[in-house]
Amino acid sequence: MAAKAVRQPLSRERVLAAAVALADAEGVKALTMRRLAADLGVEAMSLYHHLPAKEALLDGVVETVVAEIGAAVGGNSTNGGNEDWRTRLRRQFLAARQIMLRHPWVPGLLGSRRTIPVGLYAYYDGIVGTLLGAGFSHRLAHRAMHAFGSLPLGFAQEIFSPSSAGGSMEDDVAEADLAAMAEALPHLTAMVATEIHDVTDPTLGWCDGQTEFEFTLDLLLDGLERLRA
């Protein structure tokens, strides 16, 4: 008799890895318990032993991506002891952005969560530690964190987004809206017409291109350096 195939045991980590893969392939709206169970080849009810509700699943997915950011930052810190604070934070934020570009649905989902993922506390503690180690006061470090906003996580938070859980504003829709209001919004229309995103520039959301992200990051780091002096 042929030996039966050994089924990989179900675990929280395996479920969440499959959930991230599904969201990457089809978007976060496709992420349901029934669909996830089908991808894993199990009954939907078996998922509830590991994640008791859809909200727990979404929280776990965010935690999984935050852990990816931590691993990416740690993997790029071989020269951390020889880097100045500015170089270290810049590298760290750009490493986080690479993770977000891999999972472009995460920024919207992250903003919809009611709790802060546990892994973020240690992540931000490290950023504050870098600032304090460079001679910043607690007050200035605190203000720097406010100024950074979502940049440490690799994206610039959109003010306007039609979806609070994973969507990103489509360029053609946004530009069509502005074109329809060109007479009433001459300055915005002219700016958008001039600042067309390069197709090779990785973009998250409507107006969060890599060039703009790095411009904002460098502007903040340069300003903090002047304040530290």
# chains A, B, ... in the order shown; residues from 1 in each chain; ligands from 1
call {"tool": "select_by_dssp", "arguments": {"residues": "stretch 4-69 of chain A", "states": "alpha helix (DSSP H)", "output": "PDB file with all heavy atoms, in the first residue's frame"}}
result
ATOM      1  N   ARG A  12      -0.969  28.445  14.462  1.00  0.00           N
ATOM      2  CA  ARG A  12      -1.289  29.859  14.279  1.00  0.00           C
ATOM      3  C   ARG A  12      -0.349  30.491  13.253  1.00  0.00           C
ATOM      4  O   ARG A  12      -0.779  31.266  12.403  1.00  0.00           O
ATOM      5  CB  ARG A  12      -1.170  30.598  15.623  1.00  0.00           C
ATOM      6  CG  ARG A  12      -1.631  32.051  15.577  1.00  0.00           C
ATOM      7  CD  ARG A  12      -1.590  32.663  16.976  1.00  0.00           C
ATOM      8  NE  ARG A  12      -2.171  34.002  16.999  1.00  0.00           N
ATOM      9  CZ  ARG A  12      -1.507  35.121  16.743  1.00  0.00           C
ATOM     10  NH1 ARG A  12      -0.200  35.048  16.440  1.00  0.00           N
ATOM     11  NH2 ARG A  12      -2.099  36.299  16.776  1.00  0.00           N
ATOM     12  N   GLU A  13       0.934  30.129  13.333  1.00  0.00           N
ATOM     13  CA  GLU A  13       1.919  30.694  12.415  1.00  0.00           C
ATOM     14  C   GLU A  13       1.626  30.291  10.980  1.00  0.00           C
ATOM     15  O   GLU A  13       1.736  31.100  10.055  1.00  0.00           O
ATOM     16  CB  GLU A  13       3.328  30.239  12.804  1.00  0.00           C
ATOM     17  CG  GLU A  13       3.857  30.830  14.104  1.00  0.00           C
ATOM     18  CD  GLU A  13       3.155  30.258  15.336  1.00  0.00           C
ATOM     19  OE1 GLU A  13       2.611  29.121  15.249  1.00  0.00           O
ATOM     20  OE2 GLU A  13       3.160  30.939  16.377  1.00  0.00           O
ATOM     21  N   ARG A  14       1.249  29.036  10.788  1.00  0.00           N
ATOM     22  CA  ARG A  14       0.943  28.557   9.429  1.00  0.00           C
ATOM     23  C   ARG A  14      -0.304  29.243   8.883  1.00  0.00           C
ATOM     24  O   ARG A  14      -0.351  29.633   7.710  1.00  0.00           O
ATOM     25  CB  ARG A  14       0.755  27.042   9.440  1.00  0.00           C
ATOM     26  CG  ARG A  14       0.538  26.461   8.052  1.00  0.00           C
ATOM     27  CD  ARG A  14       0.246  24.981   8.097  1.00  0.00           C
ATOM     28  NE  ARG A  14      -0.205  24.522   6.789  1.00  0.00           N
ATOM     29  CZ  ARG A  14      -1.033  23.493   6.604  1.00  0.00           C
ATOM     30  NH1 ARG A  14      -1.488  22.814   7.646  1.00  0.00           N
ATOM     31  NH2 ARG A  14      -1.384  23.143   5.390  1.00  0.00           N
ATOM     32  N   VAL A  15      -1.315  29.396   9.720  1.00  0.00           N
ATOM     33  CA  VAL A  15      -2.548  30.067   9.294  1.00  0.00           C
ATOM     34  C   VAL A  15      -2.250  31.507   8.890  1.00  0.00           C
ATOM     35  O   VAL A  15      -2.713  31.990   7.849  1.00  0.00           O
ATOM     36  CB  VAL A  15      -3.605  30.028  10.418  1.00  0.00           C
ATOM     37  CG1 VAL A  15      -4.804  30.901  10.053  1.00  0.00           C
ATOM     38  CG2 VAL A  15      -4.058  28.589  10.670  1.00  0.00           C
ATOM     39  N   LEU A  16      -1.472  32.209   9.694  1.00  0.00           N
ATOM     40  CA  LEU A  16      -1.193  33.615   9.411  1.00  0.00           C
ATOM     41  C   LEU A  16      -0.317  33.766   8.173  1.00  0.00           C
ATOM     42  O   LEU A  16      -0.498  34.710   7.390  1.00  0.00           O
ATOM     43  CB  LEU A  16      -0.533  34.272  10.620  1.00  0.00           C
ATOM     44  CG  LEU A  16      -1.456  34.453  11.831  1.00  0.00           C
ATOM     45  CD1 LEU A  16      -0.676  35.008  13.020  1.00  0.00           C
ATOM     46  CD2 LEU A  16      -2.620  35.382  11.487  1.00  0.00           C
ATOM     47  N   ALA A  17       0.618  32.855   7.971  1.00  0.00           N
ATOM     48  CA  ALA A  17       1.448  32.904   6.759  1.00  0.00           C
ATOM     49  C   ALA A  17       0.581  32.726   5.522  1.00  0.00           C
ATOM     50  O   ALA A  17       0.763  33.423   4.504  1.00  0.00           O
ATOM     51  CB  ALA A  17       2.527  31.830   6.815  1.00  0.00           C
ATOM     52  N   ALA A  18      -0.383  31.816   5.597  1.00  0.00           N
ATOM     53  CA  ALA A  18      -1.301  31.606   4.472  1.00  0.00           C
ATOM     54  C   ALA A  18      -2.195  32.817   4.264  1.00  0.00           C
ATOM     55  O   ALA A  18      -2.521  33.180   3.129  1.00  0.00           O
ATOM     56  CB  ALA A  18      -2.146  30.357   4.719  1.00  0.00           C
ATOM     57  N   ALA A  19      -2.589  33.457   5.361  1.00  0.00           N
ATOM     58  CA  ALA A  19      -3.438  34.651   5.265  1.00  0.00           C
ATOM     59  C   ALA A  19      -2.695  35.790   4.574  1.00  0.00           C
ATOM     60  O   ALA A  19      -3.257  36.491   3.722  1.00  0.00           O
ATOM     61  CB  ALA A  19      -3.891  35.079   6.657  1.00  0.00           C
ATOM     62  N   VAL A  20      -1.438  35.986   4.929  1.00  0.00           N
ATOM     63  CA  VAL A  20      -0.639  37.038   4.291  1.00  0.00           C
ATOM     64  C   VAL A  20      -0.473  36.731   2.801  1.00  0.00           C
ATOM     65  O   VAL A  20      -0.597  37.625   1.953  1.00  0.00           O
ATOM     66  CB  VAL A  20       0.735  37.170   4.982  1.00  0.00           C
ATOM     67  CG1 VAL A  20       1.656  38.082   4.174  1.00  0.00           C
ATOM     68  CG2 VAL A  20       0.563  37.705   6.405  1.00  0.00           C
ATOM     69  N   ALA A  21      -0.212  35.481   2.476  1.00  0.00           N
ATOM     70  CA  ALA A  21      -0.049  35.089   1.070  1.00  0.00           C
ATOM     71  C   ALA A  21      -1.328  35.325   0.280  1.00  0.00           C
ATOM     72  O   ALA A  21      -1.289  35.785  -0.873  1.00  0.00           O
ATOM     73  CB  ALA A  21       0.371  33.624   0.985  1.00  0.00           C
ATOM     74  N   LEU A  22      -2.476  35.031   0.885  1.00  0.00           N
ATOM     75  CA  LEU A  22      -3.760  35.248   0.219  1.00  0.00           C
ATOM     76  C   LEU A  22      -4.005  36.728  -0.017  1.00  0.00           C
ATOM     77  O   LEU A  22      -4.426  37.144  -1.101  1.00  0.00           O
ATOM     78  CB  LEU A  22      -4.891  34.650   1.061  1.00  0.00           C
ATOM     79  CG  LEU A  22      -6.327  34.899   0.569  1.00  0.00           C
ATOM     80  CD1 LEU A  22      -6.506  34.390  -0.852  1.00  0.00           C
ATOM     81  CD2 LEU A  22      -7.326  34.223   1.514  1.00  0.00           C
ATOM     82  N   ALA A  23      -3.744  37.551   0.991  1.00  0.00           N
ATOM     83  CA  ALA A  23      -3.929  39.000   0.841  1.00  0.00           C
ATOM     84  C   ALA A  23      -2.980  39.561  -0.211  1.00  0.00           C
ATOM     85  O   ALA A  23      -3.343  40.465  -0.968  1.00  0.00           O
ATOM     86  CB  ALA A  23      -3.725  39.695   2.183  1.00  0.00           C
ATOM     87  N   ASP A  24      -1.757  39.053  -0.265  1.00  0.00           N
ATOM     88  CA  ASP A  24      -0.809  39.499  -1.283  1.00  0.00           C
ATOM     89  C   ASP A  24      -1.324  39.179  -2.679  1.00  0.00           C
ATOM     90  O   ASP A  24      -1.171  39.973  -3.612  1.00  0.00           O
ATOM     91  CB  ASP A  24       0.549  38.810  -1.093  1.00  0.00           C
ATOM     92  CG  ASP A  24       1.344  39.374   0.074  1.00  0.00           C
ATOM     93  OD1 ASP A  24       1.015  40.483   0.541  1.00  0.00           O
ATOM     94  OD2 ASP A  24       2.294  38.698   0.510  1.00  0.00           O
ATOM     95  N   ALA A  25      -1.919  38.002  -2.828  1.00  0.00           N
ATOM     96  CA  ALA A  25      -2.351  37.544  -4.151  1.00  0.00           C
ATOM     97  C   ALA A  25      -3.646  38.200  -4.614  1.00  0.00           C
ATOM     98  O   ALA A  25      -3.799  38.541  -5.790  1.00  0.00           O
ATOM     99  CB  ALA A  25      -2.514  36.021  -4.140  1.00  0.00           C
ATOM    100  N   GLU A  26      -4.595  38.404  -3.673  1.00  0.00           N
ATOM    101  CA  GLU A  26      -5.926  38.842  -4.084  1.00  0.00           C
ATOM    102  C   GLU A  26      -6.461  40.055  -3.335  1.00  0.00           C
ATOM    103  O   GLU A  26      -7.586  40.481  -3.578  1.00  0.00           O
ATOM    104  CB  GLU A  26      -6.908  37.674  -3.935  1.00  0.00           C
ATOM    105  CG  GLU A  26      -6.522  36.459  -4.780  1.00  0.00           C
ATOM    106  CD  GLU A  26      -7.567  35.360  -4.710  1.00  0.00           C
ATOM    107  OE1 GLU A  26      -8.756  35.666  -4.485  1.00  0.00           O
ATOM    108  OE2 GLU A  26      -7.185  34.188  -4.877  1.00  0.00           O
ATOM    109  N   MET A  33     -12.425  33.669   6.572  1.00  0.00           N
ATOM    110  CA  MET A  33     -12.114  32.393   7.220  1.00  0.00           C
ATOM    111  C   MET A  33     -12.391  31.226   6.277  1.00  0.00           C
ATOM    112  O   MET A  33     -11.603  30.277   6.200  1.00  0.00           O
ATOM    113  CB  MET A  33     -12.944  32.250   8.496  1.00  0.00           C
ATOM    114  CG  MET A  33     -12.523  33.190   9.620  1.00  0.00           C
ATOM    115  SD  MET A  33     -10.843  32.879  10.196  1.00  0.00           S
ATOM    116  CE  MET A  33     -10.957  33.264  11.935  1.00  0.00           C
ATOM    117  N   ARG A  34     -13.487  31.307   5.539  1.00  0.00           N
ATOM    118  CA  ARG A  34     -13.849  30.206   4.639  1.00  0.00           C
ATOM    119  C   ARG A  34     -12.819  30.049   3.524  1.00  0.00           C
ATOM    120  O   ARG A  34     -12.386  28.939   3.212  1.00  0.00           O
ATOM    121  CB  ARG A  34     -15.235  30.472   4.053  1.00  0.00           C
ATOM    122  CG  ARG A  34     -15.784  29.322   3.206  1.00  0.00           C
ATOM    123  CD  ARG A  34     -17.167  29.659   2.682  1.00  0.00           C
ATOM    124  NE  ARG A  34     -18.112  29.853   3.773  1.00  0.00           N
ATOM    125  CZ  ARG A  34     -18.769  28.872   4.381  1.00  0.00           C
ATOM    126  NH1 ARG A  34     -18.568  27.620   3.999  1.00  0.00           N
ATOM    127  NH2 ARG A  34     -19.632  29.125   5.338  1.00  0.00           N
ATOM    128  N   ARG A  35     -12.429  31.169   2.923  1.00  0.00           N
ATOM    129  CA  ARG A  35     -11.463  31.095   1.821  1.00  0.00           C
ATOM    130  C   ARG A  35     -10.099  30.645   2.331  1.00  0.00           C
ATOM    131  O   ARG A  35      -9.400  29.851   1.687  1.00  0.00           O
ATOM    132  CB  ARG A  35     -11.358  32.459   1.150  1.00  0.00           C
ATOM    133  CG  ARG A  35     -10.266  32.558   0.107  1.00  0.00           C
ATOM    134  CD  ARG A  35     -10.463  31.527  -1.015  1.00  0.00           C
ATOM    135  NE  ARG A  35      -9.260  31.408  -1.807  1.00  0.00           N
ATOM    136  CZ  ARG A  35      -8.901  32.273  -2.773  1.00  0.00           C
ATOM    137  NH1 ARG A  35      -9.682  33.306  -3.036  1.00  0.00           N
ATOM    138  NH2 ARG A  35      -7.803  32.093  -3.464  1.00  0.00           N
ATOM    139  N   LEU A  36      -9.699  31.148   3.493  1.00  0.00           N
ATOM    140  CA  LEU A  36      -8.412  30.774   4.072  1.00  0.00           C
ATOM    141  C   LEU A  36      -8.378  29.284   4.388  1.00  0.00           C
ATOM    142  O   LEU A  36      -7.377  28.603   4.133  1.00  0.00           O
ATOM    143  CB  LEU A  36      -8.148  31.602   5.327  1.00  0.00           C
ATOM    144  CG  LEU A  36      -6.809  31.409   6.028  1.00  0.00           C
ATOM    145  CD1 LEU A  36      -5.651  31.676   5.076  1.00  0.00           C
ATOM    146  CD2 LEU A  36      -6.712  32.330   7.253  1.00  0.00           C
ATOM    147  N   ALA A  37      -9.479  28.778   4.933  1.00  0.00           N
ATOM    148  CA  ALA A  37      -9.560  27.348   5.245  1.00  0.00           C
ATOM    149  C   ALA A  37      -9.430  26.509   3.973  1.00  0.00           C
ATOM    150  O   ALA A  37      -8.752  25.478   3.961  1.00  0.00           O
ATOM    151  CB  ALA A  37     -10.880  27.048   5.947  1.00  0.00           C
ATOM    152  N   ALA A  38     -10.063  26.974   2.900  1.00  0.00           N
ATOM    153  CA  ALA A  38      -9.975  26.253   1.630  1.00  0.00           C
ATOM    154  C   ALA A  38      -8.540  26.205   1.127  1.00  0.00           C
ATOM    155  O   ALA A  38      -8.072  25.165   0.640  1.00  0.00           O
ATOM    156  CB  ALA A  38     -10.884  26.915   0.601  1.00  0.00           C
ATOM    157  N   ASP A  39      -7.831  27.317   1.249  1.00  0.00           N
ATOM    158  CA  ASP A  39      -6.435  27.349   0.810  1.00  0.00           C
ATOM    159  C   ASP A  39      -5.564  26.403   1.628  1.00  0.00           C
ATOM    160  O   ASP A  39      -4.593  25.847   1.117  1.00  0.00           O
ATOM    161  CB  ASP A  39      -5.885  28.772   0.924  1.00  0.00           C
ATOM    162  CG  ASP A  39      -6.352  29.678  -0.211  1.00  0.00           C
ATOM    163  OD1 ASP A  39      -7.164  29.205  -1.048  1.00  0.00           O
ATOM    164  OD2 ASP A  39      -5.911  30.835  -0.263  1.00  0.00           O
ATOM    165  N   LEU A  40      -5.922  26.261   2.907  1.00  0.00           N
ATOM    166  CA  LEU A  40      -5.149  25.389   3.798  1.00  0.00           C
ATOM    167  C   LEU A  40      -5.610  23.938   3.733  1.00  0.00           C
ATOM    168  O   LEU A  40      -4.967  23.060   4.318  1.00  0.00           O
ATOM    169  CB  LEU A  40      -5.254  25.900   5.234  1.00  0.00           C
ATOM    170  CG  LEU A  40      -4.483  27.188   5.539  1.00  0.00           C
ATOM    171  CD1 LEU A  40      -4.955  27.781   6.865  1.00  0.00           C
ATOM    172  CD2 LEU A  40      -2.979  26.913   5.592  1.00  0.00           C
ATOM    173  N   ALA A  44     -13.323  25.308   7.952  1.00  0.00           N
ATOM    174  CA  ALA A  44     -13.233  26.665   8.494  1.00  0.00           C
ATOM    175  C   ALA A  44     -13.238  26.675  10.017  1.00  0.00           C
ATOM    176  O   ALA A  44     -12.528  27.468  10.650  1.00  0.00           O
ATOM    177  CB  ALA A  44     -14.384  27.525   7.955  1.00  0.00           C
ATOM    178  N   MET A  45     -14.010  25.786  10.632  1.00  0.00           N
ATOM    179  CA  MET A  45     -14.115  25.766  12.089  1.00  0.00           C
ATOM    180  C   MET A  45     -12.775  25.465  12.757  1.00  0.00           C
ATOM    181  O   MET A  45     -12.528  25.896  13.885  1.00  0.00           O
ATOM    182  CB  MET A  45     -15.156  24.741  12.535  1.00  0.00           C
ATOM    183  CG  MET A  45     -16.600  25.172  12.273  1.00  0.00           C
ATOM    184  SD  MET A  45     -17.018  26.759  13.065  1.00  0.00           S
ATOM    185  CE  MET A  45     -16.793  26.334  14.789  1.00  0.00           C
ATOM    186  N   SER A  46     -11.897  24.751  12.065  1.00  0.00           N
ATOM    187  CA  SER A  46     -10.608  24.406  12.669  1.00  0.00           C
ATOM    188  C   SER A  46      -9.720  25.632  12.843  1.00  0.00           C
ATOM    189  O   SER A  46      -8.819  25.638  13.684  1.00  0.00           O
ATOM    190  CB  SER A  46      -9.892  23.355  11.817  1.00  0.00           C
ATOM    191  OG  SER A  46      -9.574  23.882  10.540  1.00  0.00           O
ATOM    192  N   LEU A  47      -9.983  26.687  12.080  1.00  0.00           N
ATOM    193  CA  LEU A  47      -9.182  27.901  12.209  1.00  0.00           C
ATOM    194  C   LEU A  47      -9.466  28.623  13.523  1.00  0.00           C
ATOM    195  O   LEU A  47      -8.600  29.318  14.051  1.00  0.00           O
ATOM    196  CB  LEU A  47      -9.459  28.856  11.039  1.00  0.00           C
ATOM    197  CG  LEU A  47      -9.136  28.341   9.637  1.00  0.00           C
ATOM    198  CD1 LEU A  47      -9.422  29.444   8.620  1.00  0.00           C
ATOM    199  CD2 LEU A  47      -7.693  27.886   9.535  1.00  0.00           C
ATOM    200  N   LYS A  54     -12.667  36.869  13.068  1.00  0.00           N
ATOM    201  CA  LYS A  54     -12.069  37.551  11.917  1.00  0.00           C
ATOM    202  C   LYS A  54     -11.156  38.690  12.376  1.00  0.00           C
ATOM    203  O   LYS A  54     -10.077  38.910  11.805  1.00  0.00           O
ATOM    204  CB  LYS A  54     -13.191  38.103  11.029  1.00  0.00           C
ATOM    205  CG  LYS A  54     -12.722  38.944   9.841  1.00  0.00           C
ATOM    206  CD  LYS A  54     -11.967  38.129   8.823  1.00  0.00           C
ATOM    207  CE  LYS A  54     -11.568  38.962   7.591  1.00  0.00           C
ATOM    208  NZ  LYS A  54     -12.708  39.429   6.797  1.00  0.00           N
ATOM    209  N   GLU A  55     -11.563  39.426  13.416  1.00  0.00           N
ATOM    210  CA  GLU A  55     -10.733  40.521  13.898  1.00  0.00           C
ATOM    211  C   GLU A  55      -9.399  40.000  14.442  1.00  0.00           C
ATOM    212  O   GLU A  55      -8.362  40.643  14.275  1.00  0.00           O
ATOM    213  CB  GLU A  55     -11.467  41.323  14.982  1.00  0.00           C
ATOM    214  CG  GLU A  55     -12.633  42.137  14.453  1.00  0.00           C
ATOM    215  CD  GLU A  55     -12.199  43.128  13.381  1.00  0.00           C
ATOM    216  OE1 GLU A  55     -11.291  43.944  13.662  1.00  0.00           O
ATOM    217  OE2 GLU A  55     -12.739  43.077  12.260  1.00  0.00           O
ATOM    218  N   ALA A  56      -9.440  38.848  15.101  1.00  0.00           N
ATOM    219  CA  ALA A  56      -8.195  38.248  15.593  1.00  0.00           C
ATOM    220  C   ALA A  56      -7.293  37.853  14.430  1.00  0.00           C
ATOM    221  O   ALA A  56      -6.064  37.964  14.512  1.00  0.00           O
ATOM    222  CB  ALA A  56      -8.510  37.034  16.467  1.00  0.00           C
ATOM    223  N   LEU A  57      -7.909  37.401  13.338  1.00  0.00           N
ATOM    224  CA  LEU A  57      -7.145  37.059  12.140  1.00  0.00           C
ATOM    225  C   LEU A  57      -6.455  38.293  11.578  1.00  0.00           C
ATOM    226  O   LEU A  57      -5.259  38.274  11.262  1.00  0.00           O
ATOM    227  CB  LEU A  57      -8.070  36.450  11.089  1.00  0.00           C
ATOM    228  CG  LEU A  57      -7.472  36.230   9.694  1.00  0.00           C
ATOM    229  CD1 LEU A  57      -6.323  35.242   9.752  1.00  0.00           C
ATOM    230  CD2 LEU A  57      -8.553  35.761   8.720  1.00  0.00           C
ATOM    231  N   LEU A  58      -7.194  39.394  11.461  1.00  0.00           N
ATOM    232  CA  LEU A  58      -6.621  40.619  10.911  1.00  0.00           C
ATOM    233  C   LEU A  58      -5.522  41.172  11.818  1.00  0.00           C
ATOM    234  O   LEU A  58      -4.486  41.644  11.343  1.00  0.00           O
ATOM    235  CB  LEU A  58      -7.723  41.659  10.689  1.00  0.00           C
ATOM    236  CG  LEU A  58      -8.777  41.282   9.648  1.00  0.00           C
ATOM    237  CD1 LEU A  58      -9.843  42.367   9.571  1.00  0.00           C
ATOM    238  CD2 LEU A  58      -8.152  41.042   8.277  1.00  0.00           C
ATOM    239  N   ASP A  59      -5.756  41.112  13.135  1.00  0.00           N
ATOM    240  CA  ASP A  59      -4.711  41.545  14.080  1.00  0.00           C
ATOM    241  C   ASP A  59      -3.460  40.688  13.910  1.00  0.00           C
ATOM    242  O   ASP A  59      -2.331  41.197  13.918  1.00  0.00           O
ATOM    243  CB  ASP A  59      -5.213  41.442  15.517  1.00  0.00           C
ATOM    244  CG  ASP A  59      -6.194  42.550  15.891  1.00  0.00           C
ATOM    245  OD1 ASP A  59      -6.236  43.570  15.186  1.00  0.00           O
ATOM    246  OD2 ASP A  59      -6.924  42.376  16.890  1.00  0.00           O
ATOM    247  N   GLY A  60      -3.659  39.389  13.751  1.00  0.00           N
ATOM    248  CA  GLY A  60      -2.528  38.479  13.594  1.00  0.00           C
ATOM    249  C   GLY A  60      -1.768  38.717  12.304  1.00  0.00           C
ATOM    250  O   GLY A  60      -0.535  38.607  12.263  1.00  0.00           O
ATOM    251  N   VAL A  61      -2.486  39.048  11.248  1.00  0.00           N
ATOM    252  CA  VAL A  61      -1.845  39.348   9.970  1.00  0.00           C
ATOM    253  C   VAL A  61      -0.955  40.583  10.105  1.00  0.00           C
ATOM    254  O   VAL A  61       0.181  40.605   9.622  1.00  0.00           O
ATOM    255  CB  VAL A  61      -2.920  39.563   8.883  1.00  0.00           C
ATOM    256  CG1 VAL A  61      -2.341  40.274   7.677  1.00  0.00           C
ATOM    257  CG2 VAL A  61      -3.526  38.229   8.463  1.00  0.00           C
ATOM    258  N   VAL A  62      -1.471  41.623  10.784  1.00  0.00           N
ATOM    259  CA  VAL A  62      -0.670  42.828  10.999  1.00  0.00           C
ATOM    260  C   VAL A  62       0.560  42.497  11.839  1.00  0.00           C
ATOM    261  O   VAL A  62       1.670  42.950  11.550  1.00  0.00           O
ATOM    262  CB  VAL A  62      -1.520  43.924  11.667  1.00  0.00           C
ATOM    263  CG1 VAL A  62      -0.641  45.079  12.141  1.00  0.00           C
ATOM    264  CG2 VAL A  62      -2.582  44.442  10.701  1.00  0.00           C
ATOM    265  N   GLU A  63       0.393  41.705  12.898  1.00  0.00           N
ATOM    266  CA  GLU A  63       1.522  41.314  13.740  1.00  0.00           C
ATOM    267  C   GLU A  63       2.579  40.569  12.929  1.00  0.00           C
ATOM    268  O   GLU A  63       3.789  40.749  13.144  1.00  0.00           O
ATOM    269  CB  GLU A  63       1.033  40.425  14.877  1.00  0.00           C
ATOM    270  CG  GLU A  63       0.192  41.150  15.927  1.00  0.00           C
ATOM    271  CD  GLU A  63      -0.454  40.189  16.906  1.00  0.00           C
ATOM    272  OE1 GLU A  63      -0.121  38.988  16.857  1.00  0.00           O
ATOM    273  OE2 GLU A  63      -1.299  40.621  17.704  1.00  0.00           O
ATOM    274  N   THR A  64       2.122  39.735  11.983  1.00  0.00           N
ATOM    275  CA  THR A  64       3.047  38.974  11.154  1.00  0.00           C
ATOM    276  C   THR A  64       3.896  39.891  10.287  1.00  0.00           C
ATOM    277  O   THR A  64       5.113  39.702  10.154  1.00  0.00           O
ATOM    278  CB  THR A  64       2.265  37.985  10.268  1.00  0.00           C
ATOM    279  OG1 THR A  64       1.534  37.081  11.095  1.00  0.00           O
ATOM    280  CG2 THR A  64       3.202  37.190   9.373  1.00  0.00           C
ATOM    281  N   VAL A  65       3.265  40.907   9.703  1.00  0.00           N
ATOM    282  CA  VAL A  65       4.008  41.840   8.854  1.00  0.00           C
ATOM    283  C   VAL A  65       4.936  42.712   9.696  1.00  0.00           C
ATOM    284  O   VAL A  65       6.061  43.016   9.292  1.00  0.00           O
ATOM    285  CB  VAL A  65       3.046  42.695   8.015  1.00  0.00           C
ATOM    286  CG1 VAL A  65       3.811  43.745   7.216  1.00  0.00           C
ATOM    287  CG2 VAL A  65       2.238  41.811   7.075  1.00  0.00           C
ATOM    288  N   VAL A  66       4.484  43.111  10.887  1.00  0.00           N
ATOM    289  CA  VAL A  66       5.347  43.881  11.792  1.00  0.00           C
ATOM    290  C   VAL A  66       6.585  43.057  12.147  1.00  0.00           C
ATOM    291  O   VAL A  66       7.706  43.589  12.221  1.00  0.00           O
ATOM    292  CB  VAL A  66       4.582  44.296  13.063  1.00  0.00           C
ATOM    293  CG1 VAL A  66       5.529  44.825  14.136  1.00  0.00           C
ATOM    294  CG2 VAL A  66       3.529  45.353  12.725  1.00  0.00           C
ATOM    295  N   ALA A  67       6.404  41.766  12.347  1.00  0.00           N
ATOM    296  CA  ALA A  67       7.549  40.889  12.626  1.00  0.00           C
ATOM    297  C   ALA A  67       8.492  40.838  11.426  1.00  0.00           C
ATOM    298  O   ALA A  67       9.720  40.769  11.593  1.00  0.00           O
ATOM    299  CB  ALA A  67       7.062  39.488  12.974  1.00  0.00           C
ATOM    300  N   GLU A  68       7.942  40.886  10.211  1.00  0.00           N
ATOM    301  CA  GLU A  68       8.778  40.934   9.011  1.00  0.00           C
ATOM    302  C   GLU A  68       9.635  42.196   9.003  1.00  0.00           C
ATOM    303  O   GLU A  68      10.804  42.170   8.622  1.00  0.00           O
ATOM    304  CB  GLU A  68       7.912  40.906   7.755  1.00  0.00           C
ATOM    305  CG  GLU A  68       7.395  39.539   7.353  1.00  0.00           C
ATOM    306  CD  GLU A  68       6.755  39.582   5.972  1.00  0.00           C
ATOM    307  OE1 GLU A  68       7.378  40.121   5.031  1.00  0.00           O
ATOM    308  OE2 GLU A  68       5.620  39.104   5.838  1.00  0.00           O
ATOM    309  N   ILE A  69       9.018  43.306   9.397  1.00  0.00           N
ATOM    310  CA  ILE A  69       9.759  44.569   9.452  1.00  0.00           C
ATOM    311  C   ILE A  69      10.915  44.457  10.448  1.00  0.00           C
ATOM    312  O   ILE A  69      12.045  44.847  10.164  1.00  0.00           O
ATOM    313  CB  ILE A  69       8.829  45.730   9.837  1.00  0.00           C
ATOM    314  CG1 ILE A  69       7.829  46.004   8.711  1.00  0.00           C
ATOM    315  CG2 ILE A  69       9.636  46.994  10.143  1.00  0.00           C
ATOM    316  CD1 ILE A  69       6.785  47.046   9.053  1.00  0.00           C
TER     317      ILE A  69
END
call {"tool": "residues_around", "arguments": {"residues": "A:Val106", "least_positions_apart": "3", "cutoff": "8 Å", "atoms": "only C-alpha atoms", "output": "list of chain:residue names"}}
result
A:Val62, A:Val65, A:Met100, A:His103, A:Leu109, A:Leu110, A:Gly166
call {"tool": "write_last_selection", "arguments": {"atoms": "N, CA and C atoms", "output": "compact mmCIF listing (two decimals), in the first residue's frame"}}
result
# COMPACT_ATOMS: atom_id res chain seq x y z
N VAL A 62 -1.47 41.62 10.78
CA VAL A 62 -0.67 42.83 11.00
C VAL A 62 0.56 42.50 11.84
N VAL A 65 3.26 40.91 9.70
CA VAL A 65 4.01 41.84 8.85
C VAL A 65 4.94 42.71 9.70
N MET A 100 6.56 47.00 3.12
CA MET A 100 5.25 47.53 2.75
C MET A 100 5.01 47.44 1.24
N HIS A 103 3.79 44.13 0.61
CA HIS A 103 2.41 43.93 1.09
C HIS A 103 1.67 45.27 1.04
N LEU A 109 -4.89 48.49 6.31
CA LEU A 109 -5.34 47.57 7.35
C LEU A 109 -4.81 47.98 8.71
N LEU A 110 -3.56 48.40 8.75
CA LEU A 110 -2.94 48.82 10.00
C LEU A 110 -3.71 49.98 10.63
N GLY A 166 -7.40 48.60 3.78
CA GLY A 166 -6.63 47.93 2.75
C GLY A 166 -6.67 48.55 1.38
call {"tool": "atom_distance", "arguments": {"atom1": "atom CA of A:His49", "atom2": "atom CA of A:Ile116"}}
result
22.7 Å
call {"tool": "residues_around", "arguments": {"residues": "stretch 190-203 of chain A", "least_positions_apart": "5", "cutoff": "8 Å", "atoms": "only C-alpha atoms", "output": "ChimeraX atom specification"}}
result
/A:101,175,208-211
call {"tool": "closest_residue", "arguments": {"among": "A:Leu151, A:Leu131, A:Ala72, A:Leu140", "to": "A:Gln98", "atoms": "only C-alpha atoms"}}
result
A:Ala72
call {"tool": "atom_distance", "arguments": {"atom1": "atom CA of A:Met145", "atom2": "atom CA of A:Val128"}}
result
7.9 Å
call {"tool": "residues_around", "arguments": {"residues": "A:Ile127", "least_positions_apart": "5", "cutoff": "10 Å", "atoms": "only C-alpha atoms", "output": "PyMOL selection string"}}
result
chain A and resi 85+88-89+92-93+122+132-133+141+145+152
call {"tool": "closest_residue", "arguments": {"among": "A:Ala182, A:Leu217, A:Ala53, A:Leu188", "to": "A:Ser150", "atoms": "only C-alpha atoms"}}
result
A:Leu217
